[in-house]
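With compact mmCIF, C-alpha atoms and all ligand atoms inside, this is entry-v8.txt:
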```txt
# COMPACT_ATOMS: atom_id res chain seq x y z
CA MET J 1 0.00 0.00 0.00
CA ASP J 2 1.37 3.41 -1.03
CA LEU J 3 1.02 5.82 1.89
CA ARG J 4 2.58 8.78 0.10
CA TYR J 5 0.42 11.77 -0.84
CA ASP J 6 -0.08 12.35 -4.56
CA ALA J 7 0.27 15.75 -6.25
CA ALA J 8 -3.45 16.58 -5.87
CA GLU J 9 -3.33 15.80 -2.14
CA LEU J 10 -0.19 17.90 -1.65
CA GLY J 11 -1.92 20.75 -3.51
CA LEU J 12 -4.98 20.39 -1.30
CA ARG J 13 -2.84 20.64 1.84
CA GLN J 14 -1.19 23.81 0.54
CA LYS J 15 -4.60 25.31 -0.27
CA VAL J 16 -5.76 24.77 3.32
CA LYS J 17 -2.47 26.10 4.74
CA ASP J 18 -2.82 29.27 2.62
CA LEU J 19 -6.38 29.83 3.79
CA LEU J 20 -5.42 29.33 7.44
CA ALA J 21 -2.42 31.65 7.09
CA ARG J 22 -4.90 34.37 6.10
CA LEU J 23 -7.79 33.63 8.46
CA GLY J 24 -6.11 31.88 11.41
CA THR J 25 -5.46 35.21 13.12
CA PRO J 26 -4.77 35.91 16.81
CA GLU J 27 -8.30 37.44 16.94
CA LEU J 28 -9.75 34.08 15.84
CA ALA J 29 -7.71 32.30 18.53
CA ARG J 30 -9.03 34.74 21.16
CA GLU J 31 -12.61 34.18 19.97
CA LEU J 32 -12.24 30.39 20.12
CA ALA J 33 -10.87 30.59 23.68
CA GLN J 34 -14.04 32.32 24.93
CA PRO J 35 -16.40 29.91 26.73
CA ARG J 36 -19.48 31.74 25.36
CA PHE J 37 -18.49 30.69 21.83
CA ARG J 38 -18.19 26.99 22.63
CA ARG J 39 -21.89 26.17 22.24
CA ARG J 40 -22.50 28.59 19.37
CA ARG J 41 -19.49 29.65 17.33
CA GLY J 42 -18.48 33.32 17.06
CA PRO J 43 -18.42 35.48 13.89
CA LEU J 44 -14.77 34.87 12.93
CA THR J 45 -15.11 31.09 13.25
CA ARG J 46 -18.29 31.17 11.17
CA LYS J 47 -16.53 33.20 8.50
CA LEU J 48 -13.74 30.62 8.38
CA TYR J 49 -16.23 27.74 8.08
CA GLU J 50 -18.03 29.63 5.27
CA GLU J 51 -14.77 30.17 3.38
CA LEU J 52 -13.91 26.49 3.75
CA ALA J 53 -17.32 25.58 2.35
CA ALA J 54 -17.00 28.11 -0.51
CA ARG J 55 -13.73 26.43 -1.56
CA GLY J 56 -15.22 22.94 -1.39
CA LEU J 57 -13.09 22.03 1.63
CA ASN J 58 -15.88 21.11 4.02
CA ALA J 59 -17.01 17.52 4.45
CA ILE J 60 -15.06 16.54 1.35
CA SER J 61 -15.77 12.82 1.68
CA TRP J 62 -19.54 13.23 1.92
CA PRO J 63 -21.74 12.70 -1.14
CA ARG J 64 -22.38 15.84 -3.18
CA GLU J 65 -26.13 15.73 -2.61
CA LEU J 66 -25.46 16.00 1.13
CA GLY J 67 -23.22 19.05 0.86
CA GLY J 68 -19.92 17.21 0.35
CA GLN J 69 -17.56 16.81 -2.61
CA ASP J 70 -17.70 13.04 -3.27
CA GLY J 71 -14.02 13.11 -2.34
CA SER J 72 -11.85 10.64 -0.48
CA LYS J 73 -11.45 10.15 3.24
CA ALA J 74 -7.76 10.90 2.72
CA ALA J 75 -8.64 14.36 1.38
CA GLN J 76 -10.87 15.02 4.39
CA PHE J 77 -8.08 13.74 6.65
CA ILE J 78 -5.67 16.30 5.16
CA VAL J 79 -8.04 19.24 5.70
CA GLU J 80 -8.85 18.19 9.27
CA GLU J 81 -5.18 17.61 10.07
CA GLU J 82 -4.37 21.19 9.07
CA LEU J 83 -7.32 22.65 11.00
CA ILE J 84 -6.37 20.78 14.17
CA ARG J 85 -2.74 21.83 13.90
CA ALA J 86 -4.02 25.42 13.71
CA ASP J 87 -6.14 24.81 16.87
CA ILE J 88 -9.39 25.23 14.94
CA PRO J 89 -12.25 22.88 15.86
CA VAL J 90 -13.21 20.66 12.94
CA SER J 91 -16.86 20.23 13.85
CA ARG J 92 -18.31 18.71 16.94
CA GLY J 93 -20.58 16.34 15.11
CA GLY J 94 -18.35 13.57 16.40
CA SER J 95 -19.51 10.01 15.82
CA GLY J 96 -22.98 11.29 15.08
CA LEU J 97 -22.31 12.93 11.74
CA PRO J 98 -20.70 10.13 9.69
CA SER J 99 -23.36 7.76 10.99
CA ILE J 100 -26.12 10.13 9.89
CA VAL J 101 -24.51 10.35 6.44
CA ALA J 102 -24.48 6.55 6.28
CA HIS J 103 -27.76 5.61 7.98
CA GLY J 104 -29.91 8.77 8.32
CA THR J 105 -33.29 9.34 6.72
CA ASP J 106 -33.68 12.28 4.33
CA GLU J 107 -35.35 14.24 7.15
CA GLN J 108 -32.48 13.53 9.57
CA ARG J 109 -29.88 14.50 7.01
CA ALA J 110 -31.72 17.75 6.27
CA GLU J 111 -32.08 18.50 9.98
CA PHE J 112 -28.50 17.83 11.04
CA LEU J 113 -25.88 17.91 8.30
CA ALA J 114 -25.87 21.53 7.06
CA PRO J 115 -26.21 23.07 10.56
CA ALA J 116 -23.41 20.81 11.81
CA MET J 117 -21.05 22.41 9.31
CA GLN J 118 -21.35 25.65 11.33
CA ASP J 119 -21.27 23.69 14.58
CA ASP J 120 -24.88 24.75 15.22
CA VAL J 121 -25.63 21.06 15.78
CA SER J 122 -23.25 18.88 17.75
CA PHE J 123 -23.48 15.46 19.36
CA ALA J 124 -22.22 14.22 22.69
CA LEU J 125 -21.44 10.51 22.63
CA GLY J 126 -23.84 8.71 24.99
CA PHE J 127 -22.51 5.14 25.06
CA THR J 128 -20.76 4.44 28.39
CA GLU J 129 -22.80 3.60 31.49
CA PRO J 130 -21.80 2.71 35.02
CA GLY J 131 -20.92 -0.96 34.46
CA ALA J 132 -20.90 -0.75 30.65
CA GLY J 133 -17.66 0.83 29.41
CA SER J 134 -15.22 -1.68 27.95
CA ASP J 135 -18.10 -4.11 28.11
CA LEU J 136 -20.37 -1.87 26.04
CA ALA J 137 -22.76 -4.69 25.19
CA GLY J 138 -23.89 -4.50 28.82
CA VAL J 139 -25.87 -1.29 28.08
CA ARG J 140 -28.98 -1.10 30.30
CA CYS J 141 -30.34 2.37 29.51
CA ARG J 142 -33.68 1.45 27.94
CA ALA J 143 -36.10 3.03 25.49
CA ARG J 144 -39.63 1.65 25.71
CA ARG J 145 -41.79 1.97 22.60
CA GLU J 146 -45.14 3.70 23.26
CA GLY J 147 -47.07 4.29 20.01
CA ASP J 148 -44.96 6.61 17.86
CA ALA J 149 -42.60 7.56 20.68
CA TYR J 150 -39.82 6.08 22.82
CA VAL J 151 -39.67 6.65 26.57
CA ILE J 152 -36.05 6.60 27.80
CA ASP J 153 -34.99 5.72 31.35
CA GLY J 154 -31.47 5.15 32.60
CA GLU J 155 -28.09 6.69 33.13
CA LYS J 156 -24.97 7.43 31.10
CA VAL J 157 -21.55 8.39 32.36
CA TYR J 158 -18.53 10.14 30.80
CA THR J 159 -20.87 11.83 28.33
CA SER J 160 -18.26 14.43 27.44
CA ALA J 161 -19.58 17.70 25.96
CA ALA J 162 -23.19 16.92 26.95
CA HIS J 163 -23.21 20.34 28.66
CA GLU J 164 -22.30 22.03 25.37
CA ALA J 165 -23.79 19.80 22.69
CA THR J 166 -27.24 20.21 21.19
CA HIS J 167 -27.88 16.43 21.00
CA ILE J 168 -26.80 13.13 22.48
CA TYR J 169 -25.97 10.26 20.14
CA LEU J 170 -27.47 7.70 22.47
CA LEU J 171 -27.06 3.92 22.58
CA VAL J 172 -30.12 2.36 24.24
CA ARG J 173 -31.76 -1.02 24.68
CA THR J 174 -35.03 -0.95 22.73
CA ASP J 175 -35.84 -4.66 23.12
CA PRO J 176 -36.36 -5.33 26.85
CA ALA J 177 -35.99 -9.10 26.31
CA SER J 178 -32.64 -8.79 24.55
CA THR J 179 -29.14 -9.31 25.88
CA ARG J 180 -25.67 -8.16 24.86
CA GLN J 181 -25.29 -6.78 21.30
CA GLN J 182 -28.85 -7.62 20.23
CA GLY J 183 -31.81 -5.32 20.79
CA LEU J 184 -29.81 -2.07 20.89
CA SER J 185 -30.66 1.08 18.90
CA ILE J 186 -29.29 4.58 18.39
CA LEU J 187 -31.44 7.60 19.20
CA LEU J 188 -30.58 11.24 18.36
CA VAL J 189 -31.86 13.02 21.44
CA PRO J 190 -31.96 16.83 21.94
CA VAL J 191 -30.18 17.61 25.23
CA ASP J 192 -32.92 20.04 26.26
CA THR J 193 -35.65 17.36 26.21
CA PRO J 194 -37.54 17.35 29.55
CA GLY J 195 -36.35 14.57 31.88
CA ILE J 196 -32.66 14.87 30.94
CA THR J 197 -30.32 16.10 33.66
CA VAL J 198 -26.62 16.72 32.99
CA TYR J 199 -24.37 16.55 36.06
CA PRO J 200 -20.72 17.63 35.87
CA LEU J 201 -17.96 15.10 36.43
CA GLN J 202 -14.69 16.97 36.92
CA THR J 203 -11.56 15.72 35.21
CA LEU J 204 -8.05 16.10 36.59
CA GLN J 205 -7.70 19.21 34.38
CA ASN J 206 -10.27 21.10 36.41
CA ASP J 207 -8.02 22.98 38.80
CA PRO J 208 -6.28 25.01 37.50
CA PRO J 209 -7.93 24.91 34.06
CA ALA J 210 -5.63 23.72 31.27
CA PRO J 211 -4.35 26.38 28.85
CA PRO J 212 -5.51 26.39 25.19
CA GLY J 213 -3.56 23.88 23.13
CA THR J 214 -3.61 21.22 25.85
CA ILE J 215 -4.40 17.73 24.64
CA TYR J 216 -7.34 16.53 26.66
CA GLY J 217 -7.61 19.83 28.46
CA ASP J 218 -11.34 19.60 29.12
CA PRO J 219 -12.09 20.43 32.74
CA ARG J 220 -15.26 18.36 32.78
CA THR J 221 -17.11 15.42 31.38
CA ASN J 222 -20.63 14.47 32.57
CA ARG J 223 -23.04 12.02 34.06
CA VAL J 224 -26.48 12.18 32.40
CA SER J 225 -29.72 10.82 33.79
CA PHE J 226 -32.83 10.06 31.71
CA ASP J 227 -36.10 10.09 33.59
CA SER J 228 -39.10 9.21 31.37
CA VAL J 229 -37.63 11.17 28.45
CA VAL J 230 -39.99 11.11 25.47
CA VAL J 231 -38.67 11.32 21.89
CA PRO J 232 -40.50 10.56 18.64
CA VAL J 233 -39.70 7.30 16.82
CA SER J 234 -38.29 9.52 14.05
CA ALA J 235 -35.34 10.24 16.40
CA ARG J 236 -34.10 6.68 15.83
CA LEU J 237 -31.05 6.34 13.53
CA GLY J 238 -31.26 3.26 11.33
CA ALA J 239 -33.39 0.23 12.02
CA GLU J 240 -34.57 -0.78 15.47
CA GLY J 241 -32.11 -3.31 16.87
CA ASP J 242 -29.28 -2.24 14.53
CA GLY J 243 -27.63 0.02 17.12
CA TRP J 244 -24.59 -2.15 17.81
CA ARG J 245 -23.49 -2.26 14.16
CA ILE J 246 -24.05 1.47 13.63
CA ALA J 247 -22.23 2.30 16.88
CA GLN J 248 -19.17 0.19 16.04
CA GLY J 249 -18.88 1.71 12.55
CA GLY J 250 -18.94 5.24 14.02
CA LEU J 251 -16.30 4.40 16.63
CA ASN J 252 -13.95 3.02 13.99
CA LEU J 253 -14.35 6.18 11.89
CA ASP J 254 -13.55 8.27 15.00
CA ARG J 255 -10.41 6.26 15.59
CA ILE J 256 -9.08 6.93 12.09
CA ALA J 257 -9.78 10.67 12.20
CA PRO J 258 -6.63 12.80 12.53
CA ALA J 259 -7.91 14.26 15.83
CA ARG J 260 -7.22 10.90 17.47
CA TYR J 261 -3.62 10.37 16.51
CA LEU J 262 -2.75 14.06 16.85
CA MET J 263 -3.75 13.87 20.53
CA SER J 264 -0.70 11.72 21.07
CA VAL J 265 1.61 13.44 18.63
CA ARG J 266 1.08 17.15 19.24
CA PRO J 267 2.69 17.30 22.72
CA ILE J 268 6.00 16.16 21.26
CA GLU J 269 5.69 18.68 18.43
CA THR J 270 5.00 21.47 20.95
CA ALA J 271 8.07 20.47 22.95
CA VAL J 272 10.30 20.35 19.88
CA SER J 273 9.16 23.81 18.76
CA GLU J 274 9.72 25.19 22.29
CA ILE J 275 13.23 23.72 22.45
CA ALA J 276 14.00 25.06 18.97
CA ALA J 277 12.71 28.57 19.67
CA ASN J 278 13.38 29.34 23.34
CA PRO J 279 16.84 30.93 23.78
CA GLU J 280 16.95 29.80 27.40
CA LEU J 281 16.77 26.18 26.25
CA GLY J 282 19.78 26.45 23.94
CA PHE J 283 21.77 24.14 26.22
CA LEU J 284 19.33 21.32 25.35
CA ARG J 285 20.04 21.76 21.66
CA ASP J 286 23.72 21.12 22.37
CA ASP J 287 22.99 17.91 24.27
CA ALA J 288 23.42 14.84 22.07
CA VAL J 289 21.40 12.60 24.41
CA VAL J 290 18.44 15.02 24.31
CA MET J 291 18.62 15.27 20.52
CA ASP J 292 18.72 11.49 20.26
CA LYS J 293 15.64 11.13 22.48
CA LEU J 294 13.69 13.80 20.58
CA ALA J 295 14.49 12.09 17.28
CA GLU J 296 13.26 8.77 18.69
CA LEU J 297 10.00 10.34 19.89
CA TRP J 298 9.49 12.05 16.54
CA ILE J 299 10.00 8.77 14.65
CA GLU J 300 7.50 7.02 16.93
CA ALA J 301 5.07 9.86 16.25
CA GLN J 302 5.36 9.15 12.51
CA VAL J 303 4.30 5.56 13.23
CA CYS J 304 1.08 6.91 14.81
CA ARG J 305 0.44 8.94 11.66
CA LEU J 306 1.18 6.06 9.31
CA PHE J 307 -1.05 3.64 11.25
CA THR J 308 -3.93 6.11 10.85
CA LEU J 309 -3.18 6.85 7.21
CA LYS J 310 -3.13 3.13 6.41
CA SER J 311 -6.65 2.79 7.88
CA VAL J 312 -7.82 5.86 5.93
CA ARG J 313 -6.45 4.44 2.66
CA MET J 314 -8.12 1.09 3.41
CA ALA J 315 -11.46 2.80 4.11
CA ASP J 316 -11.13 4.70 0.80
CA ALA J 317 -10.46 1.40 -1.00
CA GLY J 318 -13.64 -0.06 0.56
CA GLN J 319 -11.66 -2.56 2.63
CA PRO J 320 -13.12 -3.40 6.04
CA LEU J 321 -11.11 -2.35 9.09
CA THR J 322 -10.65 -5.30 11.40
CA TYR J 323 -7.74 -4.62 13.75
CA GLU J 324 -5.99 -1.63 12.09
CA ALA J 325 -7.82 1.16 13.95
CA ALA J 326 -7.30 -0.75 17.21
CA ALA J 327 -3.55 -0.99 16.51
CA GLU J 328 -3.32 2.79 16.26
CA LYS J 329 -5.41 3.09 19.44
CA VAL J 330 -2.74 1.08 21.29
CA TRP J 331 0.37 2.64 19.80
CA ALA J 332 -0.59 6.33 19.83
CA PRO J 333 -1.88 6.71 23.42
CA GLU J 334 1.09 4.77 24.78
CA HIS J 335 3.40 6.96 22.70
CA GLY J 336 1.61 10.03 24.12
CA ILE J 337 2.22 8.92 27.71
CA HIS J 338 5.82 7.95 27.08
CA ALA J 339 6.50 11.18 25.12
CA THR J 340 5.00 13.57 27.69
CA GLU J 341 6.94 11.85 30.46
CA SER J 342 10.20 12.13 28.49
CA ILE J 343 9.48 15.79 27.75
CA ALA J 344 8.95 16.47 31.46
CA GLN J 345 12.34 14.88 32.15
CA ILE J 346 14.07 16.82 29.38
CA LEU J 347 12.61 20.24 30.26
CA GLY J 348 13.12 19.68 33.97
CA PRO J 349 11.06 20.88 36.94
CA VAL J 350 9.56 23.92 35.16
CA ALA J 351 7.66 21.53 32.88
CA GLN J 352 5.74 20.33 35.93
CA LEU J 353 4.36 23.78 36.76
CA LEU J 354 0.66 24.17 36.04
CA ASN J 355 -1.25 27.02 34.40
CA GLY J 356 -1.13 30.18 36.50
CA SER J 357 2.41 29.72 37.74
CA PRO J 358 4.50 32.71 36.59
CA LEU J 359 7.44 30.41 35.81
CA ALA J 360 5.49 27.83 33.79
CA PRO J 361 6.61 27.76 30.13
CA ARG J 362 3.71 28.17 27.66
CA ASP J 363 1.19 28.59 30.51
CA GLY J 364 1.91 25.12 31.85
CA VAL J 365 0.94 23.23 28.69
CA PHE J 366 3.65 20.60 29.27
CA ALA J 367 2.38 19.68 32.74
CA HIS J 368 -1.24 19.65 31.52
CA ASN J 369 -0.32 17.49 28.52
CA LEU J 370 1.37 15.04 30.89
CA MET J 371 -1.93 14.63 32.74
CA GLY J 372 -4.05 14.59 29.60
CA ALA J 373 -2.02 11.84 27.92
CA PHE J 374 -3.33 9.26 30.37
CA GLN J 375 -6.95 9.99 29.46
CA SER J 376 -6.50 9.05 25.82
CA SER J 377 -5.37 5.57 26.90
CA ILE J 378 -8.87 5.00 28.34
CA ASN J 379 -11.47 6.82 26.28
CA HIS J 380 -12.69 5.51 22.92
CA GLY J 381 -11.74 2.02 24.10
CA SER J 382 -8.90 1.35 26.55
CA VAL J 383 -5.52 0.20 25.22
CA GLN J 384 -5.93 -3.15 27.00
CA VAL J 385 -9.20 -3.84 25.20
CA MET J 386 -7.74 -2.63 21.87
CA ARG J 387 -4.80 -5.05 22.36
CA ASP J 388 -7.34 -7.82 22.73
CA GLN J 389 -8.86 -6.85 19.34
CA VAL J 390 -5.44 -6.83 17.67
CA ALA J 391 -4.70 -10.28 19.13
CA ARG J 392 -8.01 -11.83 18.08
CA ARG J 393 -8.83 -10.09 14.80
CA GLY J 394 -5.31 -9.29 13.65
CA LEU J 395 -3.34 -12.29 14.86
CA GLY J 396 -6.15 -14.85 14.97
CA MET J 397 -5.60 -15.70 18.64
CA PRO J 398 -8.44 -17.43 20.49
CA ARG J 399 -10.78 -15.51 22.82
CA GLN J 400 -9.77 -16.05 26.45
C1 LIG B 1 -11.88 11.62 29.82
C2 LIG B 1 -12.86 10.60 29.32
C3 LIG B 1 -13.80 10.96 28.38
C4 LIG B 1 -14.74 10.02 27.93
N1 LIG B 1 -15.71 10.43 27.03
C5 LIG B 1 -16.69 9.56 26.70
C6 LIG B 1 -17.79 10.01 25.89
O1 LIG B 1 -17.85 11.17 25.44
N2 LIG B 1 -18.81 9.14 25.64
C7 LIG B 1 -18.79 7.86 26.10
O2 LIG B 1 -19.75 7.13 25.83
N3 LIG B 1 -17.76 7.39 26.87
C8 LIG B 1 -16.72 8.23 27.18
N4 LIG B 1 -15.68 7.79 27.99
C9 LIG B 1 -15.74 6.44 28.53
C10 LIG B 1 -14.69 5.47 28.02
O3 LIG B 1 -15.00 5.02 26.72
C11 LIG B 1 -14.63 4.32 29.06
O4 LIG B 1 -14.11 4.89 30.25
C12 LIG B 1 -13.75 3.20 28.60
O5 LIG B 1 -14.35 2.49 27.52
C13 LIG B 1 -13.46 2.21 29.77
O6 LIG B 1 -14.65 1.81 30.37
P1 LIG B 1 -14.84 1.90 31.96
O7 LIG B 1 -14.53 3.30 32.40
O8 LIG B 1 -16.19 1.35 32.30
O9 LIG B 1 -13.71 0.98 32.58
P2 LIG B 1 -13.74 -0.61 32.68
O10 LIG B 1 -14.35 -1.18 31.46
O11 LIG B 1 -14.33 -0.98 33.98
O12 LIG B 1 -12.20 -0.94 32.66
C14 LIG B 1 -11.37 -0.79 33.82
C15 LIG B 1 -10.00 -1.32 33.47
O13 LIG B 1 -10.10 -2.73 33.14
C16 LIG B 1 -9.53 -2.98 31.87
N5 LIG B 1 -10.32 -3.99 31.15
C17 LIG B 1 -11.66 -4.03 31.01
N6 LIG B 1 -12.03 -5.07 30.25
C18 LIG B 1 -10.89 -5.69 29.87
C19 LIG B 1 -10.60 -6.83 29.05
N7 LIG B 1 -11.56 -7.53 28.46
N8 LIG B 1 -9.30 -7.17 28.88
C20 LIG B 1 -8.30 -6.47 29.46
N9 LIG B 1 -8.52 -5.39 30.26
C21 LIG B 1 -9.79 -5.00 30.45
C22 LIG B 1 -9.60 -1.65 31.12
O14 LIG B 1 -8.59 -1.56 30.15
C23 LIG B 1 -9.37 -0.65 32.25
O15 LIG B 1 -7.99 -0.49 32.48
C24 LIG B 1 -14.71 8.69 28.42
C25 LIG B 1 -13.72 8.32 29.36
C26 LIG B 1 -12.81 9.26 29.80
C27 LIG B 1 -11.77 8.83 30.80
```
Exercise: express the given structure as structure tokens:
Amino acid sequence: MDLRYDAAELGLRQKVKDLLARLGTPELARELAQPRFRRRRGPLTRKLYEELAARGLNAISWPRELGGQDGSKAAQFIVEEELIRADIPVSRGGSGLPSIVAHGTDEQRAEFLAPAMQDDVSFALGFTEPGAGSDLAGVRCRARREGDAYVIDGEKVYTSAAHEATHIYLLVRTDPASTRQQGLSILLVPVDTPGITVYPLQTLQNDPPAPPGTIYGDPRTNRVSFDSVVVPVSARLGAEGDGWRIAQGGLNLDRIAPARYLMSVRPIETAVSEIAANPELGFLRDDAVVMDKLAELWIEAQVCRLFTLKSVRMADAGQPLTYEAAAEKVWAPEHGIHATESIAQILGPVAQLLNGSPLAPRDGVFAHNLMGAFQSSINHGSVQVMRDQVARRGLGMPRQ
């Protein structure tokens, strides 16, 4: 498999870089840092999204009739990679959007896809429950059918962004007699539906808050309770009982998006640029052991990128992903942990100072990245569980 970019892909990357050089201003960064613009984007961000759309750079891999360009996933990967490197949110549709493209009715596509391009619609991922995380097939949150509505009762946990999203992409048990993967469905539930309560769950980034640019800098995730929540049957995505298949497809697409691997790779890039640019760190540049370590970390970071790109190329070729996305989800988070620890050792005690300390370089981003790296080894499937998938699906080992 050829993982190199062709001339058209290199041209596309340059086009995005040029646009971001013009519009990725300090004013835009200040707007994005304001909490009031997290739920509804501010004017500069909207202008950027409009310019992306005008140049055919939005949702490139979607079908044309849905607002896309009929392009490849690799092309979309390139655009998103550049946006993330410029600290610009891609779109908070998350797992919801690609699944709606694949399984949505015409009404659902009309309702969600265009507004999501401006981030006016965004989905929190409502899968995990107390007792159903790695063992997701143990979902107990139920949706009882009553005429042309579902009545939802239960609880979800770690529903990140539920306090900012417009909707929850919710995995529920619609067949009360079912067990495990059978009898599950996906519902697209507005967060402001009566009976939904969102409780904050603080992460270790809560105090002091992580500075912008931190990987996994979110100060909170959430617990969400559903108490006789009524939604119309039209809120169901795909067929009743098909929730497991739809959910797994969405998770795999999340794992091969550039946002995932960049979580693990960007802290090392930030450290390298700090060491290259900060005159006070010149002594590190003269240290052969430090240079050797940085080169090793950088090479490992390229492996994260290539794992992801291989999955993207396979998806473009219509090949099913069996263990490839899981392999990246083992390598990259473990690289992230190992890299942030090495960076803390190289930069010394100042790299352990948190945001707010006058001596902390880059507002404490190195210390906050060190804490954030651990989270990516758990969410979206823990590395232990991903290893299990590589062993069984990739290496053909028996289930224990
Ligand atoms: C910061 C953060 C954000 C998150 N955001 C979301 C979100 O937005 N939406 C959402 O739905 N979920 C979210 N999650 C939940 C995440 O997907 C789960 O935490 C994860 O799948 C692990 O499930 P668990 O917490 O129930 O732990 P458990 O499943 O109880 O696992 C505990 C430990 O046991 C290990 N383990 C479990 N089973 C096996 C096995 N078969 N083999 C080997 N080891 C095993 C795990 O690796 C882990 O180390 C988030 C989690 C975190 C930490």
Report task. Tell me, as a list of chain:residue names, which residues lie within 6 Å of J:Leu188, counting only C-alpha atoms; anything in the same chain fewer than 5 positions away does not count. Result -> J:Ile168, J:Tyr169, J:Ala235
Give one line per residue of stretch 167-271 of chain J that approaches stretch 132-151 of chain J to at most 10 Å, naming the two atoms of the closest pair and their distance in Å to one decimal, counting only C-alpha atoms; sort by chain then ascending residue number and deliver it as JSON lines.
```
{"residue": "J:Leu170", "atom": "CA", "partner": "J:Cys141", "partner_atom": "CA", "distance": 9.3}
{"residue": "J:Leu171", "atom": "CA", "partner": "J:Val139", "partner_atom": "CA", "distance": 7.7}
{"residue": "J:Val172", "atom": "CA", "partner": "J:Arg142", "partner_atom": "CA", "distance": 5.2}
{"residue": "J:Arg173", "atom": "CA", "partner": "J:Arg142", "partner_atom": "CA", "distance": 4.5}
{"residue": "J:Thr174", "atom": "CA", "partner": "J:Ala143", "partner_atom": "CA", "distance": 5.0}
{"residue": "J:Asp175", "atom": "CA", "partner": "J:Arg144", "partner_atom": "CA", "distance": 7.8}
{"residue": "J:Pro176", "atom": "CA", "partner": "J:Arg142", "partner_atom": "CA", "distance": 7.4}
{"residue": "J:Thr179", "atom": "CA", "partner": "J:Gly138", "partner_atom": "CA", "distance": 7.7}
{"residue": "J:Arg180", "atom": "CA", "partner": "J:Ala137", "partner_atom": "CA", "distance": 4.5}
{"residue": "J:Gln181", "atom": "CA", "partner": "J:Ala137", "partner_atom": "CA", "distance": 5.1}
{"residue": "J:Gln182", "atom": "CA", "partner": "J:Ala137", "partner_atom": "CA", "distance": 8.4}
{"residue": "J:Leu184", "atom": "CA", "partner": "J:Val139", "partner_atom": "CA", "distance": 8.2}
{"residue": "J:Ser185", "atom": "CA", "partner": "J:Ala143", "partner_atom": "CA", "distance": 8.8}
{"residue": "J:Ile186", "atom": "CA", "partner": "J:Ala143", "partner_atom": "CA", "distance": 10.0}
{"residue": "J:Leu187", "atom": "CA", "partner": "J:Ala143", "partner_atom": "CA", "distance": 9.1}
{"residue": "J:Ser225", "atom": "CA", "partner": "J:Cys141", "partner_atom": "CA", "distance": 9.5}
{"residue": "J:Phe226", "atom": "CA", "partner": "J:Cys141", "partner_atom": "CA", "distance": 8.4}
{"residue": "J:Asp227", "atom": "CA", "partner": "J:Val151", "partner_atom": "CA", "distance": 8.6}
{"residue": "J:Ser228", "atom": "CA", "partner": "J:Val151", "partner_atom": "CA", "distance": 5.5}
{"residue": "J:Val229", "atom": "CA", "partner": "J:Val151", "partner_atom": "CA", "distance": 5.3}
{"residue": "J:Val230", "atom": "CA", "partner": "J:Val151", "partner_atom": "CA", "distance": 4.6}
{"residue": "J:Val231", "atom": "CA", "partner": "J:Tyr150", "partner_atom": "CA", "distance": 5.4}
{"residue": "J:Pro232", "atom": "CA", "partner": "J:Ala149", "partner_atom": "CA", "distance": 4.2}
{"residue": "J:Val233", "atom": "CA", "partner": "J:Ala149", "partner_atom": "CA", "distance": 4.8}
{"residue": "J:Ser234", "atom": "CA", "partner": "J:Ala149", "partner_atom": "CA", "distance": 8.1}
{"residue": "J:Ala235", "atom": "CA", "partner": "J:Ala149", "partner_atom": "CA", "distance": 8.8}
{"residue": "J:Arg236", "atom": "CA", "partner": "J:Tyr150", "partner_atom": "CA", "distance": 9.1}
{"residue": "J:Trp244", "atom": "CA", "partner": "J:Ala137", "partner_atom": "CA", "distance": 8.0}
```
Produce the centre coordinates and the three edge lengths, each in Å to one decimal, of the box along x, y and z that contains all listed atoms of stretch 131-140 of chain J with 5 Å added on each side, as lines of an AutoDock Vina configuration file.
```
center_x = -22.1
center_y = -1.9
center_z = 29.8
size_x = 23.8
size_y = 15.5
size_z = 19.3
```
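Considering all atoms listed in the file, the residue among J:Lys73, J:Arg260, J:Arg285, J:Arg38 positioned nearest to J:Arg305 is J:Arg260.
The shortest atom-to-atom distance to J:Asp316, with only C-alpha atoms taken into account, belongs to J:Ile256 out of J:Met263, J:Leu204, J:Ile84, J:Ile256.
Distance-wise, atom CA of J:Asn206 and atom CA of J:Asp254 end up 25.2 Å apart.
Residue nearest ligand LIG 1 (chain B) within the list J:Glu82, J:Asp218, J:Glu111, J:Glu31: J:Asp218 [criterion: smallest interatomic distance, all atoms listed in the file].
For ligand LIG 1 (chain B), the neighbouring protein, DNA and RNA residues, which are those within 7 Å when all atoms listed in the file are counted, are Ala124, Leu125, Gly126, Phe127, Thr128, Pro130, Gly131, Ala132, Gly133, Ser134, Asp135, Val157, Tyr158, Thr159, Ser160, Ala161, Thr203, Thr221, Gln375, Ile378, Asn379, His380, Gly381, Ser382, Val383, Gln384, Val385 and Asp388 of chain J.
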